[in-house]
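Okay, so here's the structure we're looking at.
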Amino acid sequence: MKIRNLKGVDNKEILSVFNESFSDYFVPFKLTEEKLASKMIVDKTDPGLSVGVFENKKLVAFILHGFDIVNNQKVVYNGGTGVIPKKRGSGLTKKMYQYSLPVLEKKGVDKVILEVISKNIQAIKSYKQSGFKTTRELACFKGDFTAPKTNKAIDIKELQSYPWKQMELFWDMHPTWQNSKEAVDKLKTANHSLGAYIKNQFVGYVIFNPRNKRIQQIAVSKNLRRKGIASSLMAELAKKYGNTSSIINVDKKAENVMRFFDSIGFENYLEQLEMQLKINKVTNH
């Protein structure tokens, strides 16, 4: 058995192992080649930092690692750990991190982050053994939008650019990796983004990915909550894309956001933990 990075490994091979690993998952998960390629772009996957376990030159387990600089820190994101069913229970996740951490440390990485399904006790245990600690509890929602109220005073227009400074003032939570500013900027042409305005004042926005019918971000000015702004944005999306949509990884501490999705008839169908591993820098004196 050999552990090495995924440089030069064909996406088709990764896809096959990915789908086999997730076929009996809590939420069965299957990607096409196109969806895997898109995920790897959004996650900023770096084959040189990603890891695979090979048996007789065949991939049997992997960790897909993305890399970005966030708030002046070098951050690696685990966009997926997969082990084919017949190789589980051999501690391969732990072994891949034993291989990977010295590589990340050498590259000057500050931390590794990931999300894991709260019910996946075995995976959580493996991550804890590798030094990860839980940082946030996250909720995922999906459903058919039912409009509680919309507001006639609100104008909805397409957002041509993202005024992040202003948009961040609306936030109740910091988005997770796949919904981050960096990810959203990368998907700008694929996403549909709408702004809400009252008397020409920008008061809220939604960023929606039509391909997977997923809301990436939705936020409303803090002093204008409960005035139907978010519902008006959702109603506008529903006109074009239908009522069904989802959002992943809402910070459970963002009670207003949790309450909003509950109020429009969405179901909290999955809970995840965000976990983080801080990499101790070795400084040479």
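Residues in the structure tokens are named by chain (A, B, ... in the order shown) and by number from 1 within that chain; ligands are numbered from 1 in the order shown.
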
Taking the backbone alone, and naming residues the way the document does, which bits of range 29-133 of chain A are helix (DSSP H, G or I) by DSSP, as a PyMOL selection string?
chain A and resi 33-42+85-87+92-106+121-129

Polymer residues at most 12 Å from range 31-44 of chain A, only C-alpha atoms, same-chain spacing of 3 or more positions, as a PyMOL selection string:
chain A and resi 10-23+28+47-50+63-69+75-80+113-114+176-188+190+209+211-212+216

Write out as a ChimeraX atom specification the residues lying within 12 Å of Glu267 in chain A, counting only C-alpha atoms and excluding same-chain residues fewer than 4 positions away.
/A:139-145,244-248,258-263,271

Any chance you can output those residues with all heavy atoms as a compact mmCIF listing (two decimals), in the first residue's frame?
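Written output follows (selection.txt):
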# COMPACT_ATOMS: atom_id res chain seq x y z
N ALA A 139 -26.16 23.61 10.10
CA ALA A 139 -27.42 23.00 9.68
C ALA A 139 -27.58 23.16 8.16
O ALA A 139 -27.20 24.18 7.59
CB ALA A 139 -28.59 23.68 10.39
N CYS A 140 -28.14 22.12 7.53
CA CYS A 140 -28.43 22.18 6.09
C CYS A 140 -29.94 22.12 5.90
O CYS A 140 -30.62 21.33 6.57
CB CYS A 140 -27.78 20.99 5.38
SG CYS A 140 -25.99 20.93 5.60
N PHE A 141 -30.46 22.97 5.02
CA PHE A 141 -31.90 23.07 4.80
C PHE A 141 -32.24 22.80 3.34
O PHE A 141 -31.47 23.13 2.45
CB PHE A 141 -32.39 24.50 5.11
CG PHE A 141 -32.37 24.86 6.57
CD1 PHE A 141 -31.25 25.44 7.15
CD2 PHE A 141 -33.49 24.65 7.37
CE1 PHE A 141 -31.23 25.79 8.49
CE2 PHE A 141 -33.49 24.99 8.71
CZ PHE A 141 -32.35 25.56 9.27
N LYS A 142 -33.43 22.24 3.14
CA LYS A 142 -33.95 22.14 1.77
C LYS A 142 -35.47 22.18 1.85
O LYS A 142 -36.06 21.92 2.91
CB LYS A 142 -33.48 20.84 1.10
CG LYS A 142 -34.03 19.58 1.74
CD LYS A 142 -33.55 18.35 0.99
CE LYS A 142 -34.10 17.08 1.67
NZ LYS A 142 -33.57 15.86 1.10
N GLY A 143 -36.10 22.52 0.74
CA GLY A 143 -37.56 22.52 0.76
C GLY A 143 -38.16 23.29 -0.38
O GLY A 143 -37.47 23.72 -1.31
N ASP A 144 -39.47 23.44 -0.31
CA ASP A 144 -40.22 24.23 -1.28
C ASP A 144 -40.62 25.53 -0.62
O ASP A 144 -41.29 25.53 0.42
CB ASP A 144 -41.47 23.46 -1.74
CG ASP A 144 -41.08 22.21 -2.53
OD1 ASP A 144 -40.06 22.27 -3.23
OD2 ASP A 144 -41.78 21.20 -2.42
N PHE A 145 -40.21 26.61 -1.22
CA PHE A 145 -40.44 27.94 -0.66
C PHE A 145 -41.93 28.28 -0.63
O PHE A 145 -42.62 28.18 -1.64
CB PHE A 145 -39.67 28.96 -1.50
CG PHE A 145 -40.02 30.38 -1.20
CD1 PHE A 145 -39.71 30.94 0.03
CD2 PHE A 145 -40.66 31.18 -2.14
CE1 PHE A 145 -40.02 32.26 0.31
CE2 PHE A 145 -40.98 32.48 -1.87
CZ PHE A 145 -40.66 33.03 -0.65
N THR A 244 -38.28 24.90 -5.33
CA THR A 244 -37.39 23.99 -4.60
C THR A 244 -35.95 24.50 -4.60
O THR A 244 -35.40 24.79 -5.65
CB THR A 244 -37.43 22.59 -5.25
OG1 THR A 244 -38.80 22.19 -5.35
CG2 THR A 244 -36.67 21.57 -4.44
N SER A 245 -35.38 24.59 -3.40
CA SER A 245 -33.95 24.95 -3.32
C SER A 245 -33.39 24.46 -1.99
O SER A 245 -34.11 23.88 -1.16
CB SER A 245 -33.73 26.46 -3.49
OG SER A 245 -34.43 27.17 -2.50
N SER A 246 -32.11 24.69 -1.78
CA SER A 246 -31.47 24.24 -0.55
C SER A 246 -30.36 25.21 -0.16
O SER A 246 -29.95 26.06 -0.96
CB SER A 246 -30.89 22.84 -0.74
OG SER A 246 -29.83 22.88 -1.68
N ILE A 247 -29.89 25.07 1.06
CA ILE A 247 -28.72 25.82 1.51
C ILE A 247 -27.96 24.92 2.47
O ILE A 247 -28.57 24.21 3.28
CB ILE A 247 -29.10 27.18 2.16
CG1 ILE A 247 -27.83 27.98 2.53
CG2 ILE A 247 -30.00 26.99 3.38
CD1 ILE A 247 -28.08 29.45 2.86
N ILE A 248 -26.63 24.89 2.34
CA ILE A 248 -25.86 24.03 3.25
C ILE A 248 -25.05 24.88 4.22
O ILE A 248 -24.69 26.01 3.94
CB ILE A 248 -24.94 23.04 2.50
CG1 ILE A 248 -23.93 23.79 1.61
CG2 ILE A 248 -25.75 22.05 1.67
CD1 ILE A 248 -22.77 22.91 1.12
N MET A 258 -31.56 30.68 10.83
CA MET A 258 -32.22 29.40 11.12
C MET A 258 -33.74 29.59 11.13
O MET A 258 -34.49 28.83 10.53
CB MET A 258 -31.76 28.87 12.49
CG MET A 258 -30.29 28.54 12.60
SD MET A 258 -29.82 26.97 11.84
CE MET A 258 -30.59 25.80 12.95
N ARG A 259 -34.18 30.65 11.82
CA ARG A 259 -35.62 30.94 11.97
C ARG A 259 -36.25 31.24 10.60
O ARG A 259 -37.36 30.82 10.32
CB ARG A 259 -35.81 32.13 12.93
CG ARG A 259 -37.08 32.01 13.76
CD ARG A 259 -37.20 33.15 14.77
NE ARG A 259 -36.20 33.07 15.82
CZ ARG A 259 -35.36 34.04 16.15
NH1 ARG A 259 -35.38 35.19 15.50
NH2 ARG A 259 -34.50 33.89 17.12
N PHE A 260 -35.50 31.98 9.77
CA PHE A 260 -36.04 32.35 8.46
C PHE A 260 -36.34 31.10 7.62
O PHE A 260 -37.43 30.96 7.06
CB PHE A 260 -35.07 33.27 7.70
CG PHE A 260 -35.48 33.49 6.26
CD1 PHE A 260 -36.61 34.23 5.95
CD2 PHE A 260 -34.77 32.90 5.22
CE1 PHE A 260 -37.02 34.40 4.63
CE2 PHE A 260 -35.17 33.06 3.90
CZ PHE A 260 -36.30 33.82 3.60
N PHE A 261 -35.37 30.18 7.55
CA PHE A 261 -35.59 28.99 6.71
C PHE A 261 -36.71 28.11 7.27
O PHE A 261 -37.47 27.51 6.51
CB PHE A 261 -34.28 28.21 6.51
CG PHE A 261 -33.41 28.88 5.49
CD1 PHE A 261 -32.27 29.59 5.87
CD2 PHE A 261 -33.76 28.87 4.15
CE1 PHE A 261 -31.49 30.25 4.93
CE2 PHE A 261 -32.99 29.54 3.20
CZ PHE A 261 -31.86 30.22 3.59
N ASP A 262 -36.83 28.10 8.58
CA ASP A 262 -37.93 27.39 9.21
C ASP A 262 -39.27 28.03 8.81
O ASP A 262 -40.23 27.35 8.47
CB ASP A 262 -37.72 27.45 10.74
CG ASP A 262 -38.61 26.47 11.46
OD1 ASP A 262 -38.77 25.34 10.95
OD2 ASP A 262 -39.18 26.83 12.50
N SER A 263 -39.30 29.37 8.81
CA SER A 263 -40.55 30.10 8.55
C SER A 263 -41.03 29.96 7.11
O SER A 263 -42.22 30.11 6.83
CB SER A 263 -40.38 31.59 8.89
OG SER A 263 -39.64 32.24 7.86
N GLU A 271 -27.32 17.75 9.77
CA GLU A 271 -26.49 18.57 10.66
C GLU A 271 -25.03 18.16 10.45
O GLU A 271 -24.73 16.98 10.28
CB GLU A 271 -26.88 18.32 12.12
CG GLU A 271 -28.37 18.44 12.36
CD GLU A 271 -28.73 19.55 13.33
OE1 GLU A 271 -28.05 19.66 14.35
OE2 GLU A 271 -29.69 20.29 13.06

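Note that the spacing between CA of Leu159 in chain A and CA of Gly242 in chain A amounts to 19.9 Å.
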
Measure the distance from CA of Trp164 in chain A to CA of Lys74 in chain A in Å and round it to one decimal.
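One can read the CA of Trp164 in chain A to CA of Lys74 in chain A distance as 21.0 Å.
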
Which residues are close to Lys157 in chain A, i.e. within 10 Å by only C-alpha atoms, leaving aside same-chain residues fewer than 5 positions away? Reply as a ChimeraX atom specification.
/A:193-197,205,233,236

Pick from A:Ala238, A:Ile215, A:Val116, A:Ile156, whichever lies nearest to Ile198 in chain A using only C-alpha atoms
A:Ile156

As number ranges by chain, please: the residues near Tyr127 in chain A (cut-off 12 Å, only C-alpha atoms, same-chain neighbours under 6 positions excluded).
A: 78, 81, 91-98, 112-116, 120-121, 133-134, 273-277

Could you please take those selected residues and save N, CA, C and O atoms as a CSV table (one decimal), in the first residue's frame?
chain,number,residue,atom,x,y,z
A,78,ASN,N,-10.6,20.5,3.5
A,78,ASN,CA,-10.8,19.1,3.1
A,78,ASN,C,-12.2,19.0,2.4
A,78,ASN,O,-13.2,19.1,3.0
A,81,THR,N,-13.3,13.3,2.0
A,81,THR,CA,-12.4,12.1,2.4
A,81,THR,C,-13.2,10.9,2.0
A,81,THR,O,-14.3,10.7,2.4
A,91,GLY,N,-7.9,2.4,9.4
A,91,GLY,CA,-7.3,3.6,9.8
A,91,GLY,C,-6.7,4.4,8.7
A,91,GLY,O,-5.7,5.2,8.9
A,92,LEU,N,-7.2,4.3,7.5
A,92,LEU,CA,-6.6,5.0,6.3
A,92,LEU,C,-6.7,6.5,6.4
A,92,LEU,O,-5.7,7.2,6.0
A,93,THR,N,-7.8,7.0,7.0
A,93,THR,CA,-7.9,8.5,7.1
A,93,THR,C,-6.7,9.0,8.0
A,93,THR,O,-6.0,10.0,7.6
A,94,LYS,N,-6.5,8.4,9.1
A,94,LYS,CA,-5.4,8.8,10.0
A,94,LYS,C,-4.1,8.7,9.3
A,94,LYS,O,-3.2,9.6,9.4
A,95,LYS,N,-3.9,7.6,8.6
A,95,LYS,CA,-2.6,7.4,7.9
A,95,LYS,C,-2.4,8.5,6.8
A,95,LYS,O,-1.3,9.0,6.6
A,96,MET,N,-3.5,8.9,6.1
A,96,MET,CA,-3.3,9.9,5.1
A,96,MET,C,-3.0,11.2,5.8
A,96,MET,O,-2.1,12.0,5.2
A,97,TYR,N,-3.5,11.5,6.9
A,97,TYR,CA,-3.1,12.8,7.6
A,97,TYR,C,-1.7,12.7,8.2
A,97,TYR,O,-1.0,13.7,8.2
A,98,GLN,N,-1.3,11.5,8.6
A,98,GLN,CA,0.1,11.4,9.1
A,98,GLN,C,1.1,11.7,7.9
A,98,GLN,O,2.1,12.2,8.1
A,112,VAL,N,-6.2,23.5,8.8
A,112,VAL,CA,-7.0,22.7,7.9
A,112,VAL,C,-8.4,22.7,8.4
A,112,VAL,O,-8.6,22.6,9.6
A,113,ILE,N,-9.4,22.9,7.5
A,113,ILE,CA,-10.8,22.9,8.0
A,113,ILE,C,-11.6,21.9,7.2
A,113,ILE,O,-11.2,21.6,6.0
A,114,LEU,N,-12.7,21.4,7.7
A,114,LEU,CA,-13.5,20.4,7.1
A,114,LEU,C,-14.9,20.5,7.7
A,114,LEU,O,-15.1,21.0,8.8
A,115,GLU,N,-15.9,19.9,7.0
A,115,GLU,CA,-17.2,19.6,7.6
A,115,GLU,C,-17.4,18.1,7.5
A,115,GLU,O,-17.1,17.5,6.6
A,116,VAL,N,-18.1,17.7,8.6
A,116,VAL,CA,-18.4,16.2,8.7
A,116,VAL,C,-19.8,16.1,9.2
A,116,VAL,O,-20.2,16.9,10.1
A,120,ASN,N,-21.8,10.9,11.7
A,120,ASN,CA,-20.7,10.1,11.3
A,120,ASN,C,-19.6,10.0,12.4
A,120,ASN,O,-18.6,10.5,12.3
A,121,ILE,N,-20.0,9.2,13.4
A,121,ILE,CA,-19.2,9.1,14.6
A,121,ILE,C,-17.8,8.6,14.3
A,121,ILE,O,-16.8,9.0,14.8
A,133,LYS,N,-10.4,19.7,16.0
A,133,LYS,CA,-11.3,20.1,17.0
A,133,LYS,C,-12.6,20.7,16.4
A,133,LYS,O,-12.5,21.4,15.4
A,134,THR,N,-13.7,20.5,17.1
A,134,THR,CA,-15.0,21.1,16.5
A,134,THR,C,-15.0,22.6,16.8
A,134,THR,O,-14.7,23.1,17.9
A,273,LEU,N,-20.7,19.1,11.5
A,273,LEU,CA,-19.8,19.8,12.4
A,273,LEU,C,-18.7,20.4,11.5
A,273,LEU,O,-18.2,19.8,10.5
A,274,GLU,N,-18.3,21.7,11.8
A,274,GLU,CA,-17.1,22.2,11.1
A,274,GLU,C,-16.0,21.9,12.1
A,274,GLU,O,-16.1,22.2,13.3
A,275,MET,N,-14.9,21.3,11.6
A,275,MET,CA,-13.7,21.0,12.4
A,275,MET,C,-12.5,21.6,11.9
A,275,MET,O,-12.4,21.9,10.7
A,276,GLN,N,-11.6,21.9,12.8
A,276,GLN,CA,-10.4,22.6,12.4
A,276,GLN,C,-9.1,22.0,13.1
A,276,GLN,O,-9.2,21.6,14.2
A,277,LEU,N,-8.1,22.0,12.3
A,277,LEU,CA,-6.8,21.5,12.8
A,277,LEU,C,-5.8,22.7,12.6
A,277,LEU,O,-5.5,23.1,11.5

So that I can check the surroundings of Ala254 in chain A, please list as a PyMOL selection string every protein, DNA and RNA residue that reaches within 12 Å of it, counting only C-alpha atoms and ignoring chain neighbours fewer than 6 positions away.
chain A and resi 136-139+170-175+219+260-261

Restricting it to all heavy atoms, dump the selection as an mmCIF file, in the first residue's frame.
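Below you can see part33.cif, which holds the result:
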data_model
loop_
_atom_site.group_PDB
_atom_site.id
_atom_site.type_symbol
_atom_site.label_atom_id
_atom_site.label_comp_id
_atom_site.auth_asym_id
_atom_site.auth_seq_id
_atom_site.Cartn_x
_atom_site.Cartn_y
_atom_site.Cartn_z
ATOM 1 N N ARG A 136 -17.661 24.676 14.905
ATOM 2 C CA ARG A 136 -19.046 25.157 14.755
ATOM 3 C C ARG A 136 -19.994 24.007 14.479
ATOM 4 O O ARG A 136 -19.590 23.003 13.909
ATOM 5 C CB ARG A 136 -19.152 26.121 13.557
ATOM 6 C CG ARG A 136 -18.467 27.425 13.725
ATOM 7 C CD ARG A 136 -18.952 28.447 12.711
ATOM 8 N NE ARG A 136 -18.358 28.304 11.405
ATOM 9 C CZ ARG A 136 -18.568 29.140 10.394
ATOM 10 N NH1 ARG A 136 -19.384 30.163 10.548
ATOM 11 N NH2 ARG A 136 -17.979 28.974 9.225
ATOM 12 N N GLU A 137 -21.256 24.208 14.868
ATOM 13 C CA GLU A 137 -22.314 23.272 14.478
ATOM 14 C C GLU A 137 -23.081 23.905 13.329
ATOM 15 O O GLU A 137 -23.425 25.093 13.386
ATOM 16 C CB GLU A 137 -23.249 23.015 15.659
ATOM 17 C CG GLU A 137 -22.571 22.260 16.787
ATOM 18 C CD GLU A 137 -23.529 21.970 17.938
ATOM 19 O OE1 GLU A 137 -24.755 22.091 17.765
ATOM 20 O OE2 GLU A 137 -23.032 21.630 19.015
ATOM 21 N N LEU A 138 -23.353 23.106 12.300
ATOM 22 C CA LEU A 138 -23.950 23.637 11.069
ATOM 23 C C LEU A 138 -25.238 22.890 10.725
ATOM 24 O O LEU A 138 -25.364 21.702 11.015
ATOM 25 C CB LEU A 138 -22.966 23.476 9.913
ATOM 26 C CG LEU A 138 -21.557 24.051 10.118
ATOM 27 C CD1 LEU A 138 -20.603 23.560 9.033
ATOM 28 C CD2 LEU A 138 -21.576 25.573 10.137
ATOM 29 N N ALA A 139 -26.160 23.615 10.098
ATOM 30 C CA ALA A 139 -27.421 23.005 9.676
ATOM 31 C C ALA A 139 -27.579 23.157 8.164
ATOM 32 O O ALA A 139 -27.198 24.178 7.594
ATOM 33 C CB ALA A 139 -28.586 23.685 10.393
ATOM 34 N N PHE A 170 -24.216 42.902 6.554
ATOM 35 C CA PHE A 170 -25.517 42.236 6.717
ATOM 36 C C PHE A 170 -25.385 40.862 7.391
ATOM 37 O O PHE A 170 -26.369 40.281 7.813
ATOM 38 C CB PHE A 170 -26.197 42.007 5.349
ATOM 39 C CG PHE A 170 -26.479 43.252 4.537
ATOM 40 C CD1 PHE A 170 -26.793 43.150 3.184
ATOM 41 C CD2 PHE A 170 -26.454 44.528 5.098
ATOM 42 C CE1 PHE A 170 -27.073 44.269 2.403
ATOM 43 C CE2 PHE A 170 -26.721 45.659 4.331
ATOM 44 C CZ PHE A 170 -27.033 45.534 2.984
ATOM 45 N N TRP A 171 -24.159 40.326 7.444
ATOM 46 C CA TRP A 171 -23.963 38.935 7.866
ATOM 47 C C TRP A 171 -24.235 38.700 9.345
ATOM 48 O O TRP A 171 -23.854 39.498 10.190
ATOM 49 C CB TRP A 171 -22.523 38.493 7.587
ATOM 50 C CG TRP A 171 -22.176 38.321 6.144
ATOM 51 C CD1 TRP A 171 -22.989 38.514 5.062
ATOM 52 C CD2 TRP A 171 -20.903 37.915 5.607
ATOM 53 N NE1 TRP A 171 -22.307 38.266 3.899
ATOM 54 C CE2 TRP A 171 -21.029 37.896 4.200
ATOM 55 C CE3 TRP A 171 -19.680 37.583 6.187
ATOM 56 C CZ2 TRP A 171 -19.977 37.542 3.361
ATOM 57 C CZ3 TRP A 171 -18.634 37.241 5.361
ATOM 58 C CH2 TRP A 171 -18.777 37.216 3.961
ATOM 59 N N ASP A 172 -24.853 37.547 9.642
ATOM 60 C CA ASP A 172 -24.974 37.055 11.020
ATOM 61 C C ASP A 172 -23.954 35.953 11.278
ATOM 62 O O ASP A 172 -23.826 35.474 12.391
ATOM 63 C CB ASP A 172 -26.371 36.454 11.257
ATOM 64 C CG ASP A 172 -27.419 37.526 11.476
ATOM 65 O OD1 ASP A 172 -27.069 38.705 11.387
ATOM 66 O OD2 ASP A 172 -28.587 37.182 11.724
ATOM 67 N N MET A 173 -23.312 35.515 10.226
ATOM 68 C CA MET A 173 -22.351 34.417 10.372
ATOM 69 C C MET A 173 -21.315 34.517 9.257
ATOM 70 O O MET A 173 -21.557 35.134 8.231
ATOM 71 C CB MET A 173 -23.069 33.064 10.263
ATOM 72 C CG MET A 173 -23.703 32.833 8.893
ATOM 73 S SD MET A 173 -24.430 31.196 8.751
ATOM 74 C CE MET A 173 -24.076 30.828 7.023
ATOM 75 N N HIS A 174 -20.187 33.898 9.509
ATOM 76 C CA HIS A 174 -19.147 33.855 8.497
ATOM 77 C C HIS A 174 -19.402 32.610 7.646
ATOM 78 O O HIS A 174 -19.498 31.519 8.185
ATOM 79 C CB HIS A 174 -17.783 33.783 9.173
ATOM 80 C CG HIS A 174 -16.770 34.568 8.411
ATOM 81 N ND1 HIS A 174 -16.642 35.922 8.544
ATOM 82 C CD2 HIS A 174 -15.896 34.182 7.438
ATOM 83 C CE1 HIS A 174 -15.705 36.351 7.700
ATOM 84 N NE2 HIS A 174 -15.242 35.323 7.024
ATOM 85 N N PRO A 175 -19.545 32.749 6.315
ATOM 86 C CA PRO A 175 -19.861 31.563 5.503
ATOM 87 C C PRO A 175 -18.756 30.508 5.583
ATOM 88 O O PRO A 175 -17.586 30.830 5.782
ATOM 89 C CB PRO A 175 -19.941 32.115 4.070
ATOM 90 C CG PRO A 175 -20.072 33.593 4.212
ATOM 91 C CD PRO A 175 -19.411 33.965 5.491
ATOM 92 N N ALA A 219 -28.610 37.463 2.808
ATOM 93 C CA ALA A 219 -28.442 38.321 3.988
ATOM 94 C C ALA A 219 -29.223 39.613 3.806
ATOM 95 O O ALA A 219 -29.436 40.075 2.688
ATOM 96 C CB ALA A 219 -26.962 38.621 4.209
ATOM 97 N N PHE A 260 -35.504 31.981 9.771
ATOM 98 C CA PHE A 260 -36.037 32.347 8.459
ATOM 99 C C PHE A 260 -36.337 31.101 7.624
ATOM 100 O O PHE A 260 -37.427 30.957 7.058
ATOM 101 C CB PHE A 260 -35.068 33.272 7.697
ATOM 102 C CG PHE A 260 -35.478 33.488 6.264
ATOM 103 C CD1 PHE A 260 -36.606 34.233 5.952
ATOM 104 C CD2 PHE A 260 -34.768 32.899 5.220
ATOM 105 C CE1 PHE A 260 -37.016 34.397 4.625
ATOM 106 C CE2 PHE A 260 -35.172 33.060 3.896
ATOM 107 C CZ PHE A 260 -36.302 33.819 3.601
ATOM 108 N N PHE A 261 -35.370 30.176 7.547
ATOM 109 C CA PHE A 261 -35.589 28.992 6.714
ATOM 110 C C PHE A 261 -36.708 28.113 7.267
ATOM 111 O O PHE A 261 -37.473 27.507 6.510
ATOM 112 C CB PHE A 261 -34.280 28.214 6.508
ATOM 113 C CG PHE A 261 -33.409 28.883 5.493
ATOM 114 C CD1 PHE A 261 -32.269 29.586 5.873
ATOM 115 C CD2 PHE A 261 -33.761 28.870 4.151
ATOM 116 C CE1 PHE A 261 -31.489 30.247 4.928
ATOM 117 C CE2 PHE A 261 -32.989 29.535 3.197
ATOM 118 C CZ PHE A 261 -31.857 30.218 3.591
#

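On the backbone of this structure, DSSP gives strand (DSSP E) within range 112-171 of chain A to Val112, Ile113, Leu114, Glu115, Val116, Ile117, Lys133, Thr134, Thr135, Arg136, Glu137, Leu138, Ala139, Cys140, Phe141, Lys142, Gly143, Asp144, Ile154, Asp155, Ile156, Lys157 and Glu158 of chain A.
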
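When CA of Asp110 in chain A is paired with CA of Met167 in chain A, their separation reads 26.8 Å.
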